[in-house]
$ cat data.cif   # mmCIF, C-alpha atoms
data_data
loop_
_atom_site.label_atom_id
_atom_site.label_comp_id
_atom_site.auth_asym_id
_atom_site.auth_seq_id
_atom_site.Cartn_x
_atom_site.Cartn_y
_atom_site.Cartn_z
CA MET A 75 -20.48 -2.67 60.46
CA TRP A 76 -17.26 -4.10 58.95
CA THR A 77 -19.37 -6.19 56.59
CA VAL A 78 -21.06 -3.02 55.25
CA LYS A 79 -17.64 -1.35 54.83
CA VAL A 80 -16.25 -4.38 52.95
CA ILE A 81 -19.29 -4.49 50.66
CA GLY A 82 -19.00 -0.71 50.10
CA LEU A 83 -15.28 -0.99 49.30
CA GLY A 84 -16.02 -3.90 47.00
CA MET A 85 -18.60 -1.87 45.07
CA VAL A 86 -16.20 1.08 44.76
CA ALA A 87 -13.44 -1.29 43.57
CA LEU A 88 -15.83 -2.90 41.07
CA SER A 89 -17.00 0.40 39.60
CA LEU A 90 -13.41 1.70 39.42
CA SER A 91 -12.32 -1.51 37.68
CA LEU A 92 -15.14 -1.15 35.15
CA GLU A 93 -14.07 2.44 34.48
CA VAL A 94 -10.48 1.30 33.93
CA VAL A 95 -11.58 -1.51 31.60
CA ILE A 96 -13.84 0.83 29.57
CA TRP A 97 -11.04 3.45 29.34
CA LEU A 98 -8.57 0.78 28.18
CA LEU A 99 -11.02 -0.59 25.62
CA ARG A 100 -11.63 2.91 24.25
CA HIS A 101 -8.01 4.06 24.18
CA LEU A 102 -6.16 0.89 23.20
CA ARG A 103 -8.61 -0.25 20.52
CA PRO A 104 -10.18 2.95 19.13
CA GLY A 105 -12.04 1.30 16.22
CA ARG A 106 -10.38 -0.60 13.40
CA THR A 107 -8.42 1.45 10.88
CA PHE A 108 -10.03 1.40 7.43
CA ASN A 109 -8.14 -0.86 5.02
CA GLU A 110 -9.36 -2.06 1.65
CA VAL A 111 -7.76 -3.67 -1.42
CA LEU A 112 -9.27 -3.68 -4.91
CA PHE A 113 -8.14 -5.77 -7.85
CA PHE A 114 -8.65 -5.20 -11.56
CA PRO A 115 -9.63 -5.65 -14.41
CA SER A 116 -13.15 -4.63 -13.55
CA GLU A 117 -16.13 -3.55 -15.60
CA MET A 118 -16.31 0.18 -15.09
CA ALA A 119 -19.52 1.77 -13.88
CA CYS A 120 -20.48 4.90 -15.79
CA MET A 121 -19.35 7.90 -13.74
CA GLU A 122 -21.05 10.75 -15.60
CA HIS A 123 -24.46 10.38 -14.02
CA ILE A 124 -22.92 10.19 -10.54
CA PHE A 125 -20.83 13.32 -10.78
CA THR A 126 -22.87 15.41 -13.20
CA PRO A 127 -26.53 14.49 -12.72
CA SER A 128 -27.70 17.66 -14.55
CA SER A 129 -25.23 17.25 -17.42
CA PRO A 130 -26.64 16.94 -20.94
CA TYR A 131 -24.33 13.93 -21.16
CA SER A 132 -25.97 12.11 -18.24
CA CYS A 133 -27.39 8.85 -19.31
CA MET A 134 -29.76 5.93 -18.90
CA CYS A 135 -26.63 3.83 -19.05
CA SER A 136 -25.21 0.72 -20.51
CA LEU A 137 -21.56 0.45 -19.65
CA PRO A 138 -19.01 1.72 -20.55
CA HIS A 139 -19.94 4.76 -22.66
CA GLY A 140 -18.98 8.34 -23.30
CA VAL A 141 -15.86 8.18 -21.12
CA GLU A 142 -12.56 8.41 -22.97
CA THR A 143 -9.49 6.55 -21.77
CA SER A 144 -7.46 8.62 -19.28
CA SER A 145 -10.37 10.91 -18.41
CA LEU A 146 -10.99 9.07 -15.13
CA VAL A 147 -8.89 11.57 -13.17
CA PHE A 148 -10.70 14.44 -14.88
CA PHE A 149 -14.17 13.16 -13.96
CA VAL A 150 -13.25 12.66 -10.31
CA THR A 151 -11.24 15.83 -9.79
CA SER A 152 -13.42 18.24 -11.76
CA SER A 153 -16.57 17.02 -10.02
CA LEU A 154 -15.00 17.48 -6.59
CA HIS A 155 -13.55 20.84 -7.67
CA ARG A 156 -17.02 22.08 -8.60
CA LYS A 157 -18.20 21.09 -5.14
CA GLY A 158 -15.54 23.36 -3.61
CA VAL A 159 -12.97 20.71 -2.70
CA THR A 160 -9.37 21.93 -3.10
CA ILE A 161 -7.62 19.69 -5.63
CA ARG A 162 -3.89 19.63 -6.37
CA VAL A 163 -2.64 17.43 -9.21
CA LEU A 164 1.03 16.59 -9.69
CA THR A 165 1.92 14.89 -12.96
CA ASP A 166 4.79 14.14 -15.30
CA LYS A 167 5.78 16.67 -17.95
CA ASP A 168 5.68 13.89 -20.56
CA TYR A 169 2.07 13.07 -19.70
CA ALA A 170 1.08 16.71 -20.17
CA ALA A 171 2.33 16.52 -23.77
CA ILE A 172 0.73 13.26 -24.94
CA THR A 173 -2.38 13.03 -27.10
CA GLY A 174 -5.46 12.67 -24.93
CA SER A 175 -3.79 14.18 -21.87
CA GLN A 176 -6.28 15.76 -19.49
CA ILE A 177 -3.87 18.33 -18.08
CA GLY A 178 -5.14 21.19 -20.25
CA VAL A 179 -8.74 20.24 -19.46
CA LEU A 180 -8.02 20.18 -15.72
CA ARG A 181 -6.31 23.58 -15.84
CA ARG A 182 -9.15 25.11 -17.84
CA ALA A 183 -11.54 23.77 -15.18
CA GLY A 184 -9.57 25.78 -12.61
CA ILE A 185 -7.71 22.88 -11.02
CA CYS A 186 -4.13 23.56 -9.93
CA VAL A 187 -1.73 21.25 -11.79
CA ARG A 188 2.05 21.11 -11.45
CA CYS A 189 4.36 19.09 -13.70
CA GLY A 190 7.51 17.26 -12.73
CA VAL A 191 10.32 18.58 -14.91
CA GLY A 192 13.88 17.35 -15.40
CA SER A 193 15.15 13.91 -16.24
CA VAL A 194 13.50 12.00 -13.36
CA HIS A 195 10.33 10.25 -14.55
CA MET A 196 7.23 10.64 -12.37
CA HIS A 197 5.90 7.12 -11.87
CA HIS A 198 3.79 7.67 -8.72
CA LYS A 199 0.12 6.66 -8.86
CA PHE A 200 -1.24 7.78 -5.51
CA ALA A 201 -3.80 10.15 -4.04
CA VAL A 202 -4.32 11.45 -0.52
CA ILE A 203 -7.83 12.52 0.47
CA ASP A 204 -8.56 14.94 3.33
CA GLY A 205 -5.09 14.31 4.78
CA ARG A 206 -6.16 10.93 6.14
CA LEU A 207 -6.96 8.46 3.35
CA LEU A 208 -4.33 7.06 0.99
CA ILE A 209 -5.08 5.43 -2.37
CA THR A 210 -2.04 3.80 -3.96
CA GLY A 211 -1.06 0.80 -6.03
CA SER A 212 -0.04 -0.33 -9.49
CA LEU A 213 -3.02 1.28 -11.22
CA ASN A 214 -2.50 4.10 -13.70
CA TRP A 215 -5.64 6.18 -13.27
CA THR A 216 -7.05 5.46 -16.71
CA LEU A 217 -10.09 3.50 -17.85
CA THR A 218 -7.86 1.34 -20.05
CA ALA A 219 -5.94 0.23 -16.97
CA VAL A 220 -9.13 -0.37 -14.96
CA GLN A 221 -10.78 -2.38 -17.71
CA SER A 222 -7.88 -4.12 -19.42
CA ASN A 223 -5.04 -4.74 -16.93
CA MET A 224 -4.36 -6.88 -13.90
CA GLU A 225 -3.94 -4.10 -11.33
CA ASN A 226 -4.31 -3.40 -7.64
CA ILE A 227 -5.33 -0.45 -5.51
CA LEU A 228 -4.85 -0.27 -1.77
CA VAL A 229 -6.94 2.15 0.30
CA THR A 230 -5.90 2.81 3.87
CA GLU A 231 -6.28 5.21 6.78
CA GLU A 232 -3.25 3.76 8.59
CA PRO A 233 -1.34 6.91 9.70
CA ASP A 234 2.08 5.18 9.44
CA LEU A 235 1.36 4.67 5.74
CA VAL A 236 -0.59 7.85 4.97
CA GLN A 237 1.75 10.40 6.59
CA PRO A 238 4.89 9.59 4.51
CA PHE A 239 2.84 10.01 1.31
CA ILE A 240 1.52 13.40 2.51
CA LYS A 241 5.08 14.49 3.30
CA GLU A 242 6.37 13.29 -0.09
CA PHE A 243 3.52 14.99 -1.95
CA ARG A 244 4.26 18.30 -0.16
CA ARG A 245 7.96 17.95 -0.93
CA LEU A 246 7.35 17.32 -4.63
CA TRP A 247 4.62 19.99 -4.83
CA ASN A 248 7.03 22.61 -3.47
CA HIS A 249 9.92 21.28 -5.54
CA TYR A 250 7.94 21.68 -8.76
CA ASP A 251 6.57 25.13 -7.95
CA PRO A 252 6.98 26.94 -11.29
CA ALA A 253 7.33 30.24 -9.42
CA MET B 1246 -9.30 -9.14 62.69
CA TRP B 1247 -11.55 -7.26 60.19
CA THR B 1248 -8.70 -4.86 59.43
CA VAL B 1249 -6.46 -7.78 58.47
CA LYS B 1250 -9.25 -9.20 56.25
CA VAL B 1251 -9.79 -5.81 54.52
CA ILE B 1252 -6.06 -5.39 53.90
CA GLY B 1253 -5.94 -8.99 52.60
CA LEU B 1254 -8.91 -8.43 50.30
CA GLY B 1255 -7.35 -5.16 49.11
CA MET B 1256 -4.11 -6.91 48.21
CA VAL B 1257 -5.97 -9.65 46.33
CA ALA B 1258 -8.02 -7.01 44.49
CA LEU B 1259 -4.85 -5.06 43.64
CA SER B 1260 -3.02 -8.09 42.28
CA LEU B 1261 -6.11 -9.18 40.31
CA SER B 1262 -6.46 -5.67 38.86
CA LEU B 1263 -2.78 -5.68 37.83
CA GLU B 1264 -3.28 -9.05 36.15
CA VAL B 1265 -6.31 -7.70 34.27
CA VAL B 1266 -4.44 -4.55 33.19
CA ILE B 1267 -1.40 -6.57 32.02
CA TRP B 1268 -3.66 -8.99 30.13
CA LEU B 1269 -5.49 -6.10 28.45
CA LEU B 1270 -2.23 -4.39 27.51
CA ARG B 1271 -0.89 -7.61 26.00
CA HIS B 1272 -4.05 -8.59 24.11
CA LEU B 1273 -5.42 -5.24 22.98
CA ARG B 1274 -2.08 -3.72 21.93
CA PRO B 1275 0.03 -6.71 20.85
CA GLY B 1276 2.89 -4.63 19.43
CA ARG B 1277 2.50 -2.17 16.56
CA THR B 1278 2.01 -3.64 13.10
CA PHE B 1279 5.05 -3.07 10.91
CA ASN B 1280 4.45 -0.35 8.33
CA GLU B 1281 7.09 1.37 6.22
CA VAL B 1282 7.09 3.55 3.10
CA LEU B 1283 10.09 4.09 0.81
CA PHE B 1284 10.42 6.71 -1.90
CA PHE B 1285 12.68 6.76 -4.92
CA PRO B 1286 14.89 7.64 -6.83
CA SER B 1287 17.58 6.36 -4.54
CA GLU B 1288 21.22 5.54 -5.02
CA MET B 1289 21.29 1.77 -5.10
CA ALA B 1290 23.51 -0.14 -2.74
CA CYS B 1291 25.43 -2.97 -4.44
CA MET B 1292 23.57 -6.20 -3.75
CA GLU B 1293 26.05 -8.75 -5.01
CA HIS B 1294 28.25 -8.81 -1.93
CA ILE B 1295 25.20 -9.11 0.32
CA PHE B 1296 23.64 -12.08 -1.42
CA THR B 1297 26.66 -13.81 -2.88
CA PRO B 1298 29.60 -13.12 -0.54
CA SER B 1299 31.62 -15.98 -2.01
CA SER B 1300 30.84 -15.07 -5.63
CA PRO B 1301 33.75 -14.26 -7.95
CA TYR B 1302 31.73 -11.14 -8.77
CA SER B 1303 31.68 -9.92 -5.16
CA CYS B 1304 33.33 -6.60 -4.83
CA MET B 1305 35.08 -3.92 -2.79
CA CYS B 1306 32.36 -1.67 -4.11
CA SER B 1307 31.74 1.73 -5.53
CA LEU B 1308 28.12 2.00 -6.52
CA PRO B 1309 26.38 1.06 -8.75
CA HIS B 1310 28.33 -1.60 -10.63
CA GLY B 1311 27.97 -4.92 -12.36
CA VAL B 1312 24.21 -5.02 -11.95
CA GLU B 1313 22.21 -4.86 -15.16
CA THR B 1314 18.86 -3.14 -15.34
CA SER B 1315 15.99 -5.50 -14.46
CA SER B 1316 18.24 -8.00 -12.66
CA LEU B 1317 17.07 -6.77 -9.25
CA VAL B 1318 14.41 -9.48 -9.01
CA PHE B 1319 16.95 -12.10 -10.10
CA PHE B 1320 19.46 -11.15 -7.41
CA VAL B 1321 16.87 -11.24 -4.64
CA THR B 1322 15.02 -14.37 -5.72
CA SER B 1323 17.99 -16.50 -6.78
CA SER B 1324 19.83 -15.71 -3.54
CA LEU B 1325 16.83 -16.69 -1.44
CA HIS B 1326 16.24 -19.76 -3.63
CA ARG B 1327 19.79 -20.96 -2.98
CA LYS B 1328 19.10 -20.63 0.75
CA GLY B 1329 16.16 -23.02 0.36
CA VAL B 1330 13.34 -20.46 0.38
CA THR B 1331 10.42 -21.44 -1.90
CA ILE B 1332 10.02 -18.73 -4.54
CA ARG B 1333 7.12 -18.36 -6.97
CA VAL B 1334 7.30 -15.67 -9.66
CA LEU B 1335 4.29 -14.59 -11.69
CA THR B 1336 5.01 -12.32 -14.64
CA ASP B 1337 3.62 -11.05 -17.90
CA LYS B 1338 4.12 -13.03 -21.11
CA ASP B 1339 5.36 -9.86 -22.83
CA TYR B 1340 8.06 -9.36 -20.19
CA ALA B 1341 9.31 -12.90 -20.73
CA ALA B 1342 9.95 -12.05 -24.39
CA ILE B 1343 11.77 -8.70 -24.09
CA THR B 1344 15.53 -8.27 -24.38
CA GLY B 1345 17.17 -8.42 -20.95
CA SER B 1346 14.29 -10.34 -19.40
CA GLN B 1347 15.37 -12.40 -16.41
CA ILE B 1348 12.70 -15.08 -16.81
CA GLY B 1349 14.99 -17.57 -18.54
CA VAL B 1350 17.71 -16.93 -15.96
CA LEU B 1351 15.27 -17.48 -13.10
CA ARG B 1352 14.00 -20.74 -14.60
CA ARG B 1353 17.52 -22.02 -15.23
CA ALA B 1354 18.25 -21.24 -11.55
CA GLY B 1355 15.39 -23.60 -10.64
CA ILE B 1356 12.86 -20.95 -9.68
CA CYS B 1357 9.23 -21.65 -10.58
CA VAL B 1358 7.92 -18.94 -12.94
CA ARG B 1359 4.45 -18.70 -14.46
CA CYS B 1360 3.43 -16.22 -17.16
CA GLY B 1361 0.13 -14.43 -17.54
CA VAL B 1362 -1.24 -15.24 -20.98
CA GLY B 1363 -4.16 -13.81 -22.91
CA SER B 1364 -5.03 -10.20 -23.67
CA VAL B 1365 -5.06 -8.90 -20.08
CA HIS B 1366 -1.78 -7.12 -19.29
CA MET B 1367 -0.10 -8.03 -15.97
CA HIS B 1368 0.67 -4.69 -14.31
CA HIS B 1369 0.99 -5.87 -10.67
CA LYS B 1370 4.23 -5.01 -8.85
CA PHE B 1371 3.85 -6.74 -5.50
CA ALA B 1372 5.49 -9.44 -3.41
CA VAL B 1373 4.31 -11.34 -0.35
CA ILE B 1374 6.95 -12.73 1.99
CA ASP B 1375 6.33 -15.62 4.41
CA GLY B 1376 2.56 -15.09 4.08
CA ARG B 1377 2.70 -12.04 6.36
CA LEU B 1378 4.64 -9.18 4.75
CA LEU B 1379 3.40 -7.28 1.70
CA ILE B 1380 5.60 -5.14 -0.56
CA THR B 1381 3.64 -3.13 -3.12
CA GLY B 1382 3.65 0.23 -4.87
CA SER B 1383 4.38 1.97 -8.14
CA LEU B 1384 7.90 0.56 -8.46
CA ASN B 1385 8.77 -1.76 -11.31
CA TRP B 1386 11.39 -4.03 -9.78
CA THR B 1387 14.26 -2.79 -11.93
CA LEU B 1388 17.36 -0.80 -11.09
CA THR B 1389 16.39 1.79 -13.69
CA ALA B 1390 13.17 2.46 -11.79
CA VAL B 1391 14.96 2.56 -8.43
CA GLN B 1392 17.64 4.93 -9.63
CA SER B 1393 15.85 7.07 -12.22
CA ASN B 1394 12.14 7.37 -11.36
CA MET B 1395 9.99 8.98 -8.72
CA GLU B 1396 8.51 5.82 -7.20
CA ASN B 1397 7.08 4.49 -3.95
CA ILE B 1398 7.08 1.18 -2.13
CA LEU B 1399 4.87 0.37 0.80
CA VAL B 1400 5.81 -2.45 3.19
CA THR B 1401 3.19 -3.66 5.64
CA GLU B 1402 2.24 -6.54 7.91
CA GLU B 1403 -1.35 -5.29 8.26
CA PRO B 1404 -3.42 -8.48 7.76
CA ASP B 1405 -6.36 -6.59 6.19
CA LEU B 1406 -3.97 -5.48 3.43
CA VAL B 1407 -1.75 -8.58 3.17
CA GLN B 1408 -4.47 -11.24 3.01
CA PRO B 1409 -6.25 -9.97 -0.15
CA PHE B 1410 -2.90 -9.93 -1.99
CA ILE B 1411 -2.17 -13.52 -0.90
CA LYS B 1412 -5.62 -14.56 -2.10
CA GLU B 1413 -5.18 -12.74 -5.45
CA PHE B 1414 -1.71 -14.24 -5.97
CA ARG B 1415 -3.06 -17.76 -5.35
CA ARG B 1416 -5.96 -17.13 -7.74
CA LEU B 1417 -3.65 -15.90 -10.51
CA TRP B 1418 -1.05 -18.61 -9.82
CA ASN B 1419 -3.70 -21.31 -10.26
CA HIS B 1420 -5.29 -19.52 -13.21
CA TYR B 1421 -1.98 -19.46 -15.10
CA ASP B 1422 -1.02 -23.04 -14.32
CA PRO B 1423 0.32 -24.26 -17.68
CA ALA B 1424 -0.72 -27.83 -16.79
#

$ encode --input "data.cif" --output "structure tokens"
Amino acid sequence: MWTVKVIGLGMVALSLSLEVVIWLLRHLRPGRTFNEVLFFPSEMACMEHIFTPSSPYSCMCSLPHGVETSSLVFFVTSSLHRKGVTIRVLTDKDYAAITGSQIGVLRRAGICVRCGVGSVHMHHKFAVIDGRLLITGSLNWTLTAVQSNMENILVTEEPDLVQPFIKEFRRLWNHYDPA
Amino acid sequence: MWTVKVIGLGMVALSLSLEVVIWLLRHLRPGRTFNEVLFFPSEMACMEHIFTPSSPYSCMCSLPHGVETSSLVFFVTSSLHRKGVTIRVLTDKDYAAITGSQIGVLRRAGICVRCGVGSVHMHHKFAVIDGRLLITGSLNWTLTAVQSNMENILVTEEPDLVQPFIKEFRRLWNHYDPA
């Protein structure tokens, strides 16, 4: 009789222990956070056929072609914008004025762009995607930089790193509200 | 007799469970990885009195003073070098040639500096400390950038992010070995 009770208690204890172990495994190690680092220079893959498959400019490809320096941001943002993704671009007033700037093109495509004004130079080179993924590094988002410079980009989902960038973007976005 | 055995077994099971839980807590959550993000512009604290307390240039302070633009790297590296820390600086050949460059000063201080040569422009702005801490971001390591630009620096111990930078630094360091 006691033997049965001991075995029964043992089985209960075993199953409870397994539950505790599974809970701990799930809650203390909930999958590795995505982290990735890319280094440049790198041969650039043609982006037109990826983002605009029906475009008259889509191609059979030999790289690079048809993509002007500094239009990298335009290709990415305008393609996502057409798919209904909300895009907000914050840039430096000086960049908006230079030859080859894509700011006018972005605005004509319906993308909301704000410019940093005043004497403080905007030197950030980061993007936050869906409020959870940060892309940051030394890279100016131009094809010249990608193809011709030693550069780095760091991509991470680590909340301790992503959240401060979201907060700073919101602060600057509100600060440079032209209204 | 059986009651005593059951209580005994229960106590053993309890202590074993506690051991398991403590082990899991220690091994599955071994302290949070250090992550920090800094944004600029920021008023710069005087660094001379921190790194060179016995220097004739040390001060009673009102900020900023006595520190030339682009000497930030020199102050940090030469101070650590004097304390016996091995420093390796990798920079762009163009930077070595500009007015106010600290490369000559660093070399005269005994710090090992290698320059990227060739047509590829060195645009990295990162440091790795003790093979475990990465500092990277948009910031050029100059006081002008710190005080006058919108910039970011990300500091992390996350191995998935630190290790690729160590590997890339080693690759570039060997690639630009003048010997």

$ resolve_selection --input "data.cif" --expression "the PyMOL selection byres ((chain B and resi 1419-1423) around 9)" --output "VMD selection string"
chain B and resid 1335 1359 to 1362 1414 to 1418 1424

$ resolve_selection --input "data.cif" --expression "the PyMOL selection byres ((chain A) within 7 of (chain B))" --output "PyMOL selection string"
chain A and resi 76+80+102-103+109-111+194-199+210-212+222-226+234-235+238

$ atom_distance --input "data.cif" --atom1 "CA of Gly178 in chain A" --atom2 "CA of Phe149 in chain A"
13.6 Å

$ resolve_selection --input "data.cif" --expression "the PyMOL selection byres ((chain B and resi 1352) around 12)" --output "PDB file with C-alpha atoms, keeping the file's coordinate frame"
ATOM      1  CA  PHE B1319      16.950 -12.100 -10.100  1.00  0.00           C
ATOM      2  CA  THR B1322      15.020 -14.370  -5.720  1.00  0.00           C
ATOM      3  CA  SER B1323      17.990 -16.500  -6.780  1.00  0.00           C
ATOM      4  CA  HIS B1326      16.240 -19.760  -3.630  1.00  0.00           C
ATOM      5  CA  ILE B1332      10.020 -18.730  -4.540  1.00  0.00           C
ATOM      6  CA  ARG B1333       7.120 -18.360  -6.970  1.00  0.00           C
ATOM      7  CA  VAL B1334       7.300 -15.670  -9.660  1.00  0.00           C
ATOM      8  CA  LEU B1335       4.290 -14.590 -11.690  1.00  0.00           C
ATOM      9  CA  ALA B1341       9.310 -12.900 -20.730  1.00  0.00           C
ATOM     10  CA  SER B1346      14.290 -10.340 -19.400  1.00  0.00           C
ATOM     11  CA  GLN B1347      15.370 -12.400 -16.410  1.00  0.00           C
ATOM     12  CA  ILE B1348      12.700 -15.080 -16.810  1.00  0.00           C
ATOM     13  CA  GLY B1349      14.990 -17.570 -18.540  1.00  0.00           C
ATOM     14  CA  VAL B1350      17.710 -16.930 -15.960  1.00  0.00           C
ATOM     15  CA  LEU B1351      15.270 -17.480 -13.100  1.00  0.00           C
ATOM     16  CA  ARG B1353      17.520 -22.020 -15.230  1.00  0.00           C
ATOM     17  CA  ALA B1354      18.250 -21.240 -11.550  1.00  0.00           C
ATOM     18  CA  GLY B1355      15.390 -23.600 -10.640  1.00  0.00           C
ATOM     19  CA  ILE B1356      12.860 -20.950  -9.680  1.00  0.00           C
ATOM     20  CA  CYS B1357       9.230 -21.650 -10.580  1.00  0.00           C
ATOM     21  CA  VAL B1358       7.920 -18.940 -12.940  1.00  0.00           C
ATOM     22  CA  ARG B1359       4.450 -18.700 -14.460  1.00  0.00           C
ATOM     23  CA  CYS B1360       3.430 -16.220 -17.160  1.00  0.00           C
TER      24      CYS B1360
END

$ closest_residue --input "data.cif" --among "B:Lys1328, B:Ser1287, B:Arg1277, B:Ile1252" --to "Val1391 in chain B" --atoms "all atoms listed in the file"
B:Ser1287

$ atom_distance --input "data.cif" --atom1 "CA of Ala1372 in chain B" --atom2 "CA of Lys1412 in chain B"
12.3 Å

$ atom_distance --input "data.cif" --atom1 "CA of Val1373 in chain B" --atom2 "CA of Ile209 in chain A"
19.3 Å
